[in-house]
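See structure below.
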Amino acid sequence: MGVKEYYKILEVDEGATGDEIKKAYRRLAKQYHPDKNAGNKQAEEKFKDILEAYQVLSDSKKRQQYDQMRKFGYGGQGFDFRNFDFGGFKGAGRRPGRGGISFEGFDLFGGLGDVFAQFFDLGERTRQRQYGPRRGEDLLVEVSVPFGLGISGGKTTFAVEKEKTCPFCNGGGAKPGSRAQVCPECGGRGMIVVGQGGFGVSRPCPRCYGKGQIIENPFDRCRGSGIARGRQTYSVKIPAGIEDGDQIRLKGQGQPGLAGGPPGDMIVKVRIKPHRFFKRQGEDITCQVALNLTQAVLGSTLRVKTVSGKKVQLKIPPGTQDGTTFRLAGMGVERNGRRGDQYVVVRVSIPENPSEEEKEFMARLNRDEG
């Protein structure tokens with residue numbers, strides 16, 4: 001089980017520049033793209049390898065870690081993995097497999113644990129699991145707001161079902177009257193060092209799972225995790241002129257951190273409800289107004305609503321045609337110091353069953369045109 005040869009996959013030298021790697025990726029991705037190789041499983045796997053290689057070699061940090069792993073011979077002839085248990089710890093007190101140690105959560109030679117699982121395909125659970133203090137995950141929520149609120153701005157409230165610090169144990173995880181004890185095996189560090197083949201390898205403490213503490217009497221409601229789930233209400237300020245799909249970040253309002261880590265953020269994705277009269281295009285507003293035949297032919301003056309809530313006078317000249325658009329300058333959306341316009345589209349209504357008066361009017365028009 002060796003390190004994948006990403007340089008060979010991209011057909012570049014080990015000293016290739018970032019531009020050379022990008023050019024090689026584009027060329028090979030175009031050649032092996034599934035759209036050009038429908039039904040070709042071999043080409044599909046080749047494309048996946050190309051993408052994986054580019055994701056590593058185009059990132060300077062990942063590339064440095066990858067080169068370091070190759071330098072130390074991971075998975076090659078310079079290092080023997082046959083006695084290692086790649087399964088990791090699956091339960092409290094579980095030890096690694098026969099004669100081996102677990103690589104899950106390793107801090108290998110300056111933090112190679114994250115890329116190790118990627119290069120050796122140790123499974124999604126192994127790649128995702130982390131030990132010790134860890135920042136909580138960001139939480140993405142969608143909030144619908146009225147059209148008018150998106151224009152003028154203001155506050156809105158919403159409720160979210162999410163994890164939070166357990167209010168009964170205050171996140172400690174222990175029952176009242178008891179507390180967490182320093183782990184006697186790792187001395188509260190959360191990590192222990194294991195010697196293997198001349199290497200000193202750090203791994204999470206198998207007794208406390210990297211937390212550095214042991215809870216002898218865990219609280220029942222959160223089962224010692226210090227985390228509970230419940231419905232919480234939030235208030236968020238909507239900036240004036242916000243567009244549909246814009247996001248607002250609420251610092252520290254995401255999922256709680258683990259083992260004393262900080263909480264993540266809440267990302268609020270704003271969805272603007274449609275309006276029955278107005279439509280928005282950037283900072284501009286469009287709307288439609290109806291005219292009867294008499295108003296279109298003889299001209300008229302209309303009172304038109306604007307997004308500010310005011311009504312303005314719009315003069316319709318005689319002979320206005322269906323679909324004519326009028327511009328109300330500065331009556332659109334204000335955002336970042338800019339204000340758009342409002343465009344009024346005229347729709348002339350022709351009666352299906354005209355009255356006698358309307359028939360006489362249209363007849364008179366025909367005589368005048370003749």
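Going by the structure tokens order, chains are called A, B, ..., each with residues numbered from 1, while ligands are numbered from 1 in the order shown.
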If you count only C-alpha atoms, which residues fall within 7 Å of Gly241 (chain A), apart from same-chain ones fewer than 5 positions away, as a PyMOL selection string? chain A and resi 150-153+333-335
Only C-alpha atoms, please: the residues just picked out, written as an mmCIF file, in the first residue's frame.
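Listing of again34.cif after writing:
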```
data_model
loop_
_atom_site.group_PDB
_atom_site.id
_atom_site.type_symbol
_atom_site.label_atom_id
_atom_site.label_comp_id
_atom_site.auth_asym_id
_atom_site.auth_seq_id
_atom_site.Cartn_x
_atom_site.Cartn_y
_atom_site.Cartn_z
ATOM 1 C CA GLY A 150 -34.748 43.189 1.393
ATOM 2 C CA ILE A 151 -35.121 46.662 -0.120
ATOM 3 C CA SER A 152 -35.240 48.797 3.023
ATOM 4 C CA GLY A 153 -33.294 46.569 5.416
ATOM 5 C CA VAL A 333 -32.941 50.068 -4.991
ATOM 6 C CA GLU A 334 -30.254 51.869 -3.005
ATOM 7 C CA ARG A 335 -27.202 49.767 -2.224
#
```
Residue neighbourhood region 52-57 of chain A, 10 Å, only C-alpha atoms, exclusion window fewer than 2 positions, as a count of residues only: 34
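Closest to Thr165 (chain A) among A:Gly39, A:Gly136, A:Gly212, A:Pro206 is A:Gly136, based on only C-alpha atoms.
Across the structure, CA of Val143 (chain A) and CA of Ile272 (chain A) are spaced 8.5 Å apart.
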